[in-house]
file run_9.pdb (PDB, C-alpha atoms)
ATOM      1  CA  MET K  19     159.432  12.202  26.112
ATOM      2  CA  PHE K  20     159.958   9.753  28.971
ATOM      3  CA  ARG K  21     162.383   7.616  26.928
ATOM      4  CA  THR K  22     164.591  10.655  26.311
ATOM      5  CA  HIS K  23     164.450  11.659  29.975
ATOM      6  CA  TRP K  24     165.472   8.210  31.225
ATOM      7  CA  GLY K  25     167.963   7.525  28.422
ATOM      8  CA  LEU K  26     165.999   4.584  26.989
ATOM      9  CA  ARG K  27     166.000   3.214  23.434
ATOM     10  CA  GLU K  28     162.526   1.738  23.896
ATOM     11  CA  SER K  29     159.837   1.335  26.494
ATOM     12  CA  PRO K  30     160.972  -1.349  28.958
ATOM     13  CA  PHE K  31     157.449  -2.215  30.135
ATOM     14  CA  ARG K  32     155.315  -2.801  27.068
ATOM     15  CA  GLY K  33     151.909  -4.383  27.511
ATOM     16  CA  SER K  34     152.132  -6.571  24.401
ATOM     17  CA  LEU K  35     152.616 -10.342  24.561
ATOM     18  CA  ASP K  36     156.245 -10.299  23.442
ATOM     19  CA  TRP K  37     158.216 -13.443  24.276
ATOM     20  CA  ARG K  38     161.430 -11.385  24.256
ATOM     21  CA  LEU K  39     160.197  -9.643  27.406
ATOM     22  CA  PHE K  40     159.762 -12.922  29.282
ATOM     23  CA  HIS K  41     161.350 -12.906  32.731
ATOM     24  CA  PRO K  42     162.264 -16.457  33.820
ATOM     25  CA  SER K  43     161.182 -16.204  37.443
ATOM     26  CA  PRO K  44     161.248 -19.440  39.473
ATOM     27  CA  THR K  45     157.456 -19.871  39.314
ATOM     28  CA  HIS K  46     157.389 -19.391  35.524
ATOM     29  CA  ASP K  47     160.379 -21.681  34.981
ATOM     30  CA  GLU K  48     158.661 -24.351  37.079
ATOM     31  CA  ALA K  49     155.501 -24.015  34.999
ATOM     32  CA  LEU K  50     157.499 -24.449  31.786
ATOM     33  CA  ALA K  51     159.272 -27.503  33.195
ATOM     34  CA  ARG K  52     155.989 -29.131  34.196
ATOM     35  CA  MET K  53     154.442 -28.487  30.779
ATOM     36  CA  GLN K  54     157.535 -29.972  29.162
ATOM     37  CA  PHE K  55     157.083 -33.054  31.357
ATOM     38  CA  LEU K  56     153.457 -33.291  30.201
ATOM     39  CA  VAL K  57     154.515 -33.361  26.553
ATOM     40  CA  GLU K  58     157.579 -35.579  26.935
ATOM     41  CA  GLU K  59     155.611 -38.166  28.913
ATOM     42  CA  ARG K  60     152.741 -37.893  26.415
ATOM     43  CA  ARG K  61     150.192 -37.101  29.063
ATOM     44  CA  ARG K  62     146.915 -35.983  27.594
ATOM     45  CA  MET K  63     145.885 -32.890  29.549
ATOM     46  CA  GLY K  64     147.186 -30.382  32.075
ATOM     47  CA  LEU K  65     145.716 -27.346  33.793
ATOM     48  CA  LEU K  66     147.748 -24.131  33.968
ATOM     49  CA  LEU K  67     146.269 -22.071  36.800
ATOM     50  CA  GLY K  68     147.156 -18.711  38.279
ATOM     51  CA  PRO K  69     145.684 -15.362  39.295
ATOM     52  CA  THR K  70     144.677 -12.939  36.573
ATOM     53  CA  GLY K  71     147.809 -11.113  35.437
ATOM     54  CA  SER K  72     150.253 -13.728  36.717
ATOM     55  CA  GLY K  73     151.778 -14.401  33.279
ATOM     56  CA  LYS K  74     149.931 -17.492  32.022
ATOM     57  CA  SER K  75     149.631 -16.147  28.476
ATOM     58  CA  MET K  76     153.320 -15.271  28.336
ATOM     59  CA  VAL K  77     154.298 -18.726  29.586
ATOM     60  CA  LEU K  78     152.148 -20.333  26.886
ATOM     61  CA  GLU K  79     153.731 -18.141  24.206
ATOM     62  CA  VAL K  80     157.257 -19.000  25.345
ATOM     63  CA  PHE K  81     156.394 -22.705  25.553
ATOM     64  CA  ALA K  82     154.819 -22.680  22.080
ATOM     65  CA  ARG K  83     157.995 -21.214  20.592
ATOM     66  CA  ARG K  84     160.172 -23.800  22.323
ATOM     67  CA  LEU K  85     158.019 -26.656  21.072
ATOM     68  CA  ARG K  86     157.988 -25.393  17.483
ATOM     69  CA  ARG K  87     161.766 -25.129  17.468
ATOM     70  CA  LYS K  88     161.849 -28.841  18.350
ATOM     71  CA  GLY K  89     159.521 -29.740  15.470
ATOM     72  CA  ALA K  90     156.186 -30.068  17.289
ATOM     73  CA  GLN K  91     152.960 -28.806  15.755
ATOM     74  CA  VAL K  92     151.369 -26.344  18.150
ATOM     75  CA  ALA K  93     148.026 -24.564  18.254
ATOM     76  CA  ASN K  94     148.241 -21.675  20.713
ATOM     77  CA  LEU K  95     144.745 -20.190  20.959
ATOM     78  CA  ASN K  96     142.862 -17.750  23.143
ATOM     79  CA  MET K  97     139.448 -19.195  24.005
ATOM     80  CA  LEU K  98     137.847 -15.984  25.268
ATOM     81  CA  GLY K  99     134.347 -15.840  23.742
ATOM     82  CA  ILE K 100     135.344 -18.110  20.866
ATOM     83  CA  ASP K 101     132.504 -19.900  19.063
ATOM     84  CA  LEU K 102     132.570 -23.508  17.912
ATOM     85  CA  HIS K 103     133.283 -22.804  14.233
ATOM     86  CA  GLU K 104     136.041 -20.318  15.045
ATOM     87  CA  PHE K 105     137.670 -22.702  17.514
ATOM     88  CA  LEU K 106     137.856 -25.553  15.005
ATOM     89  CA  TRP K 107     138.944 -23.246  12.168
ATOM     90  CA  LEU K 108     141.742 -21.676  14.225
ATOM     91  CA  THR K 109     142.900 -25.065  15.511
ATOM     92  CA  ALA K 110     143.042 -26.468  11.966
ATOM     93  CA  ALA K 111     144.875 -23.352  10.747
ATOM     94  CA  GLU K 112     147.411 -23.417  13.601
ATOM     95  CA  LEU K 113     148.109 -27.077  12.824
ATOM     96  CA  GLY K 114     148.797 -26.203   9.184
ATOM     97  CA  ALA K 115     145.685 -27.793   7.676
ATOM     98  CA  ASN K 116     144.771 -24.681   5.583
ATOM     99  CA  PRO K 117     141.029 -24.591   6.304
ATOM    100  CA  ASP K 118     138.582 -22.478   4.313
ATOM    101  CA  ARG K 119     136.275 -20.187   6.289
ATOM    102  CA  ARG K 120     133.378 -21.613   4.289
ATOM    103  CA  HIS K 121     133.996 -25.095   5.681
ATOM    104  CA  ASP K 122     131.276 -26.298   8.025
ATOM    105  CA  VAL K 123     131.869 -27.583  11.553
ATOM    106  CA  PHE K 124     131.994 -31.254  10.514
ATOM    107  CA  HIS K 125     134.580 -30.569   7.804
ATOM    108  CA  LEU K 126     136.739 -28.574  10.206
ATOM    109  CA  TRP K 127     136.457 -31.289  12.849
ATOM    110  CA  ARG K 128     137.687 -33.902  10.370
ATOM    111  CA  MET K 129     140.599 -31.663   9.377
ATOM    112  CA  VAL K 130     141.702 -31.341  13.013
ATOM    113  CA  VAL K 131     141.494 -35.018  13.921
ATOM    114  CA  ASP K 132     143.016 -36.093  10.603
ATOM    115  CA  ARG K 133     145.985 -33.795  11.166
ATOM    116  CA  ILE K 134     146.480 -35.198  14.684
ATOM    117  CA  ALA K 135     146.414 -38.712  13.184
ATOM    118  CA  GLU K 136     148.904 -37.703  10.464
ATOM    119  CA  ASN K 137     151.240 -36.327  13.104
ATOM    120  CA  ARG K 138     150.991 -39.573  15.039
ATOM    121  CA  TYR K 139     152.131 -41.626  12.036
ATOM    122  CA  GLN K 140     154.959 -39.164  11.359
ATOM    123  CA  GLN K 141     155.913 -39.237  15.057
ATOM    124  CA  ILE K 142     155.315 -35.518  15.473
ATOM    125  CA  GLU K 143     154.043 -34.134  18.772
ATOM    126  CA  THR K 144     150.714 -32.256  18.583
ATOM    127  CA  VAL K 145     150.158 -29.762  21.381
ATOM    128  CA  LEU K 146     147.091 -27.601  21.962
ATOM    129  CA  LEU K 147     147.652 -24.605  24.265
ATOM    130  CA  LEU K 148     144.263 -23.100  25.112
ATOM    131  CA  ASP K 149     144.419 -19.812  26.986
ATOM    132  CA  ASP K 150     141.463 -18.311  28.901
ATOM    133  CA  ALA K 151     139.703 -21.676  28.748
ATOM    134  CA  ASP K 152     137.479 -20.593  31.633
ATOM    135  CA  GLU K 153     136.036 -17.918  29.310
ATOM    136  CA  ALA K 154     135.129 -20.314  26.492
ATOM    137  CA  PRO K 155     131.508 -21.277  25.717
ATOM    138  CA  PRO K 156     130.476 -24.853  26.607
ATOM    139  CA  ASN K 157     130.173 -26.066  23.001
ATOM    140  CA  ALA K 158     133.802 -25.132  22.285
ATOM    141  CA  LEU K 159     134.945 -26.898  25.456
ATOM    142  CA  GLU K 160     132.913 -29.952  24.455
ATOM    143  CA  GLN K 161     135.016 -30.148  21.289
ATOM    144  CA  VAL K 162     138.158 -30.067  23.426
ATOM    145  CA  VAL K 163     136.804 -33.107  25.284
ATOM    146  CA  ARG K 164     136.118 -34.864  21.953
ATOM    147  CA  ILE K 165     139.626 -34.125  20.696
ATOM    148  CA  ALA K 166     141.167 -35.332  23.960
ATOM    149  CA  GLN K 167     139.247 -38.617  23.779
ATOM    150  CA  GLN K 168     139.654 -39.230  20.043
ATOM    151  CA  ASP K 169     142.685 -41.453  20.574
ATOM    152  CA  CYS K 170     143.493 -42.152  24.215
ATOM    153  CA  SER K 171     146.752 -44.018  23.593
ATOM    154  CA  GLN K 172     150.172 -42.501  24.262
ATOM    155  CA  GLN K 173     151.056 -43.195  20.639
ATOM    156  CA  ALA K 174     148.720 -40.358  19.653
ATOM    157  CA  ARG K 175     151.413 -37.873  20.753
ATOM    158  CA  LEU K 176     148.709 -35.375  21.722
ATOM    159  CA  SER K 177     148.920 -33.079  24.738
ATOM    160  CA  ILE K 178     146.534 -30.286  25.732
ATOM    161  CA  VAL K 179     147.118 -27.479  28.224
ATOM    162  CA  LEU K 180     144.129 -25.474  29.456
ATOM    163  CA  ALA K 181     144.976 -22.145  31.084
ATOM    164  CA  ALA K 182     142.472 -20.587  33.460
ATOM    165  CA  SER K 183     142.272 -18.149  36.320
ATOM    166  CA  SER K 184     142.704 -19.925  39.650
ATOM    167  CA  ASP K 185     139.358 -18.736  40.992
ATOM    168  CA  ALA K 186     137.464 -19.561  37.780
ATOM    169  CA  ALA K 187     138.670 -23.095  37.019
ATOM    170  CA  GLY K 188     135.277 -24.357  38.149
ATOM    171  CA  ARG K 189     133.799 -22.937  34.935
ATOM    172  CA  LEU K 190     135.520 -25.677  32.978
ATOM    173  CA  LEU K 191     133.456 -28.720  32.100
ATOM    174  CA  PRO K 192     133.614 -31.455  34.769
ATOM    175  CA  ARG K 193     134.805 -33.906  32.136
ATOM    176  CA  LEU K 194     137.823 -31.713  31.356
ATOM    177  CA  LEU K 195     138.727 -31.555  35.030
ATOM    178  CA  GLU K 196     138.504 -35.351  35.174
ATOM    179  CA  LEU K 197     140.800 -35.717  32.167
ATOM    180  CA  ALA K 198     143.462 -33.407  33.586
ATOM    181  CA  GLU K 199     146.517 -35.390  34.694
ATOM    182  CA  LEU K 200     148.676 -32.521  35.895
ATOM    183  CA  ARG K 201     147.983 -29.245  37.666
ATOM    184  CA  ILE K 202     150.482 -26.466  37.004
ATOM    185  CA  ASP K 203     150.238 -23.446  39.299
ATOM    186  CA  ILE K 204     151.745 -20.026  38.648
ATOM    187  CA  GLU K 205     152.240 -17.966  41.787
ATOM    188  CA  PRO K 206     152.758 -14.201  42.087
ATOM    189  CA  TRP K 207     156.347 -13.029  42.006
ATOM    190  CA  GLU K 208     158.455 -12.717  45.121
ATOM    191  CA  PRO K 209     159.917  -9.232  45.831
ATOM    192  CA  ALA K 210     163.332 -10.352  44.570
ATOM    193  CA  ASP K 211     161.764 -11.382  41.242
ATOM    194  CA  THR K 212     160.278  -7.912  40.800
ATOM    195  CA  VAL K 213     163.550  -6.187  41.674
ATOM    196  CA  GLU K 214     165.465  -8.291  39.166
ATOM    197  CA  TYR K 215     162.808  -7.922  36.456
ATOM    198  CA  ILE K 216     162.600  -4.126  36.662
ATOM    199  CA  ASN K 217     166.349  -3.580  36.786
ATOM    200  CA  VAL K 218     167.022  -5.977  33.904
ATOM    201  CA  ALA K 219     164.215  -4.460  31.801
ATOM    202  CA  ILE K 220     165.588  -0.957  32.352
ATOM    203  CA  LYS K 221     169.101  -2.084  31.421
ATOM    204  CA  HIS K 222     167.956  -3.896  28.273
ATOM    205  CA  ALA K 223     166.034  -0.777  27.227
ATOM    206  CA  GLY K 224     169.274   1.188  27.225
ATOM    207  CA  ARG K 225     169.782   2.836  30.624
ATOM    208  CA  ALA K 226     173.056   2.016  32.367
ATOM    209  CA  SER K 227     172.034   2.963  35.932
ATOM    210  CA  PRO K 228     168.898   1.919  37.858
ATOM    211  CA  ALA K 229     165.849   4.133  37.296
ATOM    212  CA  PHE K 230     164.108   2.998  40.528
ATOM    213  CA  THR K 231     165.376   2.944  44.083
ATOM    214  CA  GLU K 232     165.129  -0.524  45.594
ATOM    215  CA  GLU K 233     162.622   0.806  48.140
ATOM    216  CA  ALA K 234     160.462   2.073  45.272
ATOM    217  CA  ILE K 235     160.503  -1.335  43.583
ATOM    218  CA  HIS K 236     159.508  -3.084  46.799
ATOM    219  CA  ARG K 237     156.624  -0.661  47.235
ATOM    220  CA  LEU K 238     155.569  -1.197  43.626
ATOM    221  CA  HIS K 239     155.696  -4.956  44.188
ATOM    222  CA  ASP K 240     153.461  -4.723  47.265
ATOM    223  CA  LEU K 241     150.909  -2.477  45.545
ATOM    224  CA  CYS K 242     150.697  -4.884  42.594
ATOM    225  CA  ASP K 243     150.505  -8.041  44.745
ATOM    226  CA  GLY K 244     153.462  -9.431  42.805
ATOM    227  CA  LEU K 245     151.431  -9.815  39.582
ATOM    228  CA  PRO K 246     153.538  -9.212  36.442
ATOM    229  CA  ARG K 247     150.797  -7.522  34.407
ATOM    230  CA  ARG K 248     150.091  -4.996  37.141
ATOM    231  CA  ILE K 249     153.808  -4.489  37.727
ATOM    232  CA  ASN K 250     154.272  -3.650  34.053
ATOM    233  CA  GLN K 251     151.359  -1.194  34.082
ATOM    234  CA  LEU K 252     152.437   0.595  37.233
ATOM    235  CA  ALA K 253     156.154   0.657  36.345
ATOM    236  CA  ASN K 254     155.362   2.226  32.968
ATOM    237  CA  LEU K 255     153.088   4.870  34.491
ATOM    238  CA  THR K 256     155.674   5.587  37.173
ATOM    239  CA  LEU K 257     158.356   6.268  34.552
ATOM    240  CA  LEU K 258     155.999   8.750  32.895
ATOM    241  CA  ALA K 259     155.303  10.459  36.202
ATOM    242  CA  GLY K 260     158.985  10.589  37.089
ATOM    243  CA  ALA K 261     159.869  12.150  33.746
ATOM    244  CA  GLY K 262     157.136  14.745  34.251
ATOM    245  CA  ARG K 263     158.663  15.641  37.618
ATOM    246  CA  ASN K 264     162.178  15.691  36.141
ATOM    247  CA  LEU K 265     163.401  13.091  38.656
ATOM    248  CA  SER K 266     166.769  11.405  38.389
ATOM    249  CA  GLN K 267     165.412   8.240  40.046
ATOM    250  CA  ILE K 268     161.964   6.941  40.953
ATOM    251  CA  ASP K 269     161.166   7.050  44.661
ATOM    252  CA  THR K 270     158.351   5.548  46.719
ATOM    253  CA  ASP K 271     156.287   8.766  46.647
ATOM    254  CA  THR K 272     156.218   8.674  42.844
ATOM    255  CA  VAL K 273     155.163   5.023  42.890
ATOM    256  CA  GLU K 274     152.347   5.826  45.331
ATOM    257  CA  SER K 275     151.162   8.758  43.224
ATOM    258  CA  ALA K 276     151.169   6.717  40.007
ATOM    259  CA  TYR K 277     149.347   3.858  41.747
ATOM    260  CA  HIS K 278     146.499   6.144  42.842
ATOM    261  CA  GLU K 279     146.277   7.536  39.317
ATOM    262  CA  LEU K 280     146.128   4.049  37.839
ATOM    263  CA  SER K 281     143.521   2.958  40.394
ATOM    264  CA  THR K 282     141.340   5.959  39.466
ATOM    265  CA  VAL K 283     141.534   5.080  35.752
ATOM    266  CA  GLN K 284     140.670   1.432  36.425
ATOM    267  CA  ALA K 285     137.751   2.415  38.655
ATOM    268  CA  VAL K 286     136.291   4.620  35.898
ATOM    269  CA  ALA K 287     136.834   1.877  33.310
TER     270      ALA K 287
END
call {"tool": "encode", "arguments": {"input": "run_9.pdb", "output": "structure tokens"}}
result
Amino acid sequence: MFRTHWGLRESPFRGSLDWRLFHPSPTHDEALARMQFLVEERRRMGLLLGPTGSGKSMVLEVFARRLRRKGAQVANLNMLGIDLHEFLWLTAAELGANPDRRHDVFHLWRMVVDRIAENRYQQIETVLLLDDADEAPPNALEQVVRIAQQDCSQQARLSIVLAASSDAAGRLLPRLLELAELRIDIEPWEPADTVEYINVAIKHAGRASPAFTEEAIHRLHDLCDGLPRRINQLANLTLLAGAGRNLSQIDTDTVESAYHELSTVQAVA
């Protein structure tokens, strides 16, 4: 219903991790550049830190695609609640080692380190992108330490990026923090980033004219603290509310109303 009302081909603010929806804001572009430096200089480990909802997962997805296009082997994993066996199996699978789920931990470990060694001899970069590392159990993180220290030379062509919430980085093992050579911070968007993102997303979804007044976007930005995930959620709900009210353009009152509705849902959840 709301797509027809606003003249859209598709929803402009989907919640899925779709690299095509990536908005190259200055803070996200800087994060990508610093991760590229980490890999090109063959540094072993970097920390990608930012508030929850700031776009760390999207940045990792975009970076993984860029690396693969250049021939690197990349394991892009979410570490949330992952157990040791699953971590090693997924890492081996992402690196193209074709593990069997019946393989034990030792077998999987050998597959991972052997593949990293094979890539070294073939001069292929191996990059591990580990999202939500602050939510991983200690035994999985201990394996990350082992992998990082397996071959400490630059010739290993191994780089690891651990992504974590800024206020939860202390959950990482002290040894991982010691190994980190580069800190990469993602900051919330500036108001201009939000204005550009919303207008571009609306245009790409098929609407020729802006669906939000600029004042409405600024209010939406403030209510969401500049965090992309929250901006997506609130912008989507606001479009629904505006269609229900038969508006021609979203105003600040509609943004406020949708925000209170979203806050009520989140409080119940």
call {"tool": "closest_atom_pairs", "arguments": {"input": "run_9.pdb", "of": "region 67-111 of chain K", "to": "region 26-41 of chain K", "cutoff": "10 Å", "atoms": "all atoms listed in the file", "output": "Markdown table"}}
result
| residue | atom | partner | partner_atom | distance |
| --- | --- | --- | --- | --- |
| K:Gly73 | CA | K:Phe40 | CA | 9.1 |
| K:Ser75 | CA | K:Leu35 | CA | 7.6 |
| K:Met76 | CA | K:Leu35 | CA | 6.2 |
| K:Val77 | CA | K:Phe40 | CA | 8.0 |
| K:Leu78 | CA | K:Trp37 | CA | 9.5 |
| K:Glu79 | CA | K:Trp37 | CA | 6.5 |
| K:Val80 | CA | K:Trp37 | CA | 5.7 |
| K:Phe81 | CA | K:Trp37 | CA | 9.5 |
| K:Arg83 | CA | K:Trp37 | CA | 8.6 |
call {"tool": "resolve_selection", "arguments": {"input": "run_9.pdb", "expression": "the PyMOL selection byres ((chain K and resi 221-236) around 6)", "output": "PyMOL selection string"}}
result
chain K and resi 25-28+30+218-220+237-239+267-270
call {"tool": "atom_distance", "arguments": {"input": "run_9.pdb", "atom1": "CA of Glu143 (chain K)", "atom2": "CA of Leu195 (chain K)"}}
result
22.5 Å
call {"tool": "residues_near_point", "arguments": {"input": "run_9.pdb", "point": "(138.5, -26.7, 30.9)", "cutoff": "7 Å", "atoms": "all atoms listed in the file", "output": "list in words"}}
result
Ala151, Asp152, Leu159, Leu180, Leu190, Leu191, Leu194 and Leu195 of chain K
call {"tool": "write_last_selection", "arguments": {"input": "run_9.pdb", "atoms": "C-alpha atoms", "output": "PDB file, in the frame of the given file"}}
result
ATOM      1  CA  ALA K 151     139.703 -21.676  28.748  1.00  0.00           C
ATOM      2  CA  ASP K 152     137.479 -20.593  31.633  1.00  0.00           C
ATOM      3  CA  LEU K 159     134.945 -26.898  25.456  1.00  0.00           C
ATOM      4  CA  LEU K 180     144.129 -25.474  29.456  1.00  0.00           C
ATOM      5  CA  LEU K 190     135.520 -25.677  32.978  1.00  0.00           C
ATOM      6  CA  LEU K 191     133.456 -28.720  32.100  1.00  0.00           C
ATOM      7  CA  LEU K 194     137.823 -31.713  31.356  1.00  0.00           C
ATOM      8  CA  LEU K 195     138.727 -31.555  35.030  1.00  0.00           C
TER       9      LEU K 195
END
call {"tool": "closest_residue", "arguments": {"input": "run_9.pdb", "among": "K:Thr144, K:Asn157, K:Gln91, K:Asn217", "to": "Glu104 (chain K)", "atoms": "only C-alpha atoms"}}
result
K:Asn157
call {"tool": "closest_residue", "arguments": {"input": "run_9.pdb", "among": "K:Ile134, K:Met53, K:Leu148, K:Ala93", "to": "Gln173 (chain K)", "atoms": "only C-alpha atoms"}}
result
K:Ile134
call {"tool": "resolve_selection", "arguments": {"input": "run_9.pdb", "expression": "the PyMOL selection byres ((chain K and resi 115-127) around 10)", "output": "count of residues only"}}
result
22
call {"tool": "atom_distance", "arguments": {"input": "run_9.pdb", "atom1": "CA of Gln167 (chain K)", "atom2": "CA of Pro69 (chain K)"}}
result
28.7 Å
call {"tool": "residues_around", "arguments": {"input": "run_9.pdb", "residues": "Arg60 (chain K)", "least_positions_apart": "6", "cutoff": "10 Å", "atoms": "all atoms listed in the file", "output": "count of residues only"}}
result
12
call {"tool": "resolve_selection", "arguments": {"input": "run_9.pdb", "expression": "the PyMOL selection byres ((chain K and resi 274) around 10)", "output": "list in words"}}
result
Ala234, Arg237, Leu238, Leu241, Leu252, Thr256, Asp269, Thr270, Asp271, Thr272, Val273, Ser275, Ala276, Tyr277, His278, Glu279 and Leu280 of chain K
call {"tool": "write_last_selection", "arguments": {"input": "run_9.pdb", "atoms": "C-alpha atoms", "output": "compact mmCIF listing (two decimals), in the frame of the given file"}}
result
# COMPACT_ATOMS: atom_id res chain seq x y z
CA ALA K 234 160.46 2.07 45.27
CA ARG K 237 156.62 -0.66 47.24
CA LEU K 238 155.57 -1.20 43.63
CA LEU K 241 150.91 -2.48 45.54
CA LEU K 252 152.44 0.60 37.23
CA THR K 256 155.67 5.59 37.17
CA ASP K 269 161.17 7.05 44.66
CA THR K 270 158.35 5.55 46.72
CA ASP K 271 156.29 8.77 46.65
CA THR K 272 156.22 8.67 42.84
CA VAL K 273 155.16 5.02 42.89
CA SER K 275 151.16 8.76 43.22
CA ALA K 276 151.17 6.72 40.01
CA TYR K 277 149.35 3.86 41.75
CA HIS K 278 146.50 6.14 42.84
CA GLU K 279 146.28 7.54 39.32
CA LEU K 280 146.13 4.05 37.84
call {"tool": "atom_distance", "arguments": {"input": "run_9.pdb", "atom1": "CA of Gly99 (chain K)", "atom2": "CA of Leu65 (chain K)"}}
result
19.0 Å
call {"tool": "closest_residue", "arguments": {"input": "run_9.pdb", "among": "K:Ser281, K:Leu85, K:Ser183, K:Ala261", "to": "His23 (chain K)", "atoms": "only C-alpha atoms"}}
result
K:Ala261
call {"tool": "closest_residue", "arguments": {"input": "run_9.pdb", "among": "K:Arg62, K:Pro42, K:Thr70, K:Arg201", "to": "Tyr215 (chain K)", "atoms": "only C-alpha atoms"}}
result
K:Pro42
call {"tool": "closest_residue", "arguments": {"input": "run_9.pdb", "among": "K:Leu257, K:Cys242, K:Leu265, K:Arg247", "to": "Ser72 (chain K)", "atoms": "only C-alpha atoms"}}
result
K:Arg247
call {"tool": "closest_residue", "arguments": {"input": "run_9.pdb", "among": "K:Pro192, K:Gly71, K:Gly244, K:Pro209", "to": "Asp150 (chain K)", "atoms": "all atoms listed in the file"}}
result
K:Gly71
call {"tool": "residues_around", "arguments": {"input": "run_9.pdb", "residues": "Met63 (chain K)", "least_positions_apart": "5", "cutoff": "8 Å", "atoms": "only C-alpha atoms", "output": "number ranges by chain"}}
result
K: 56, 166, 177-180, 197-200
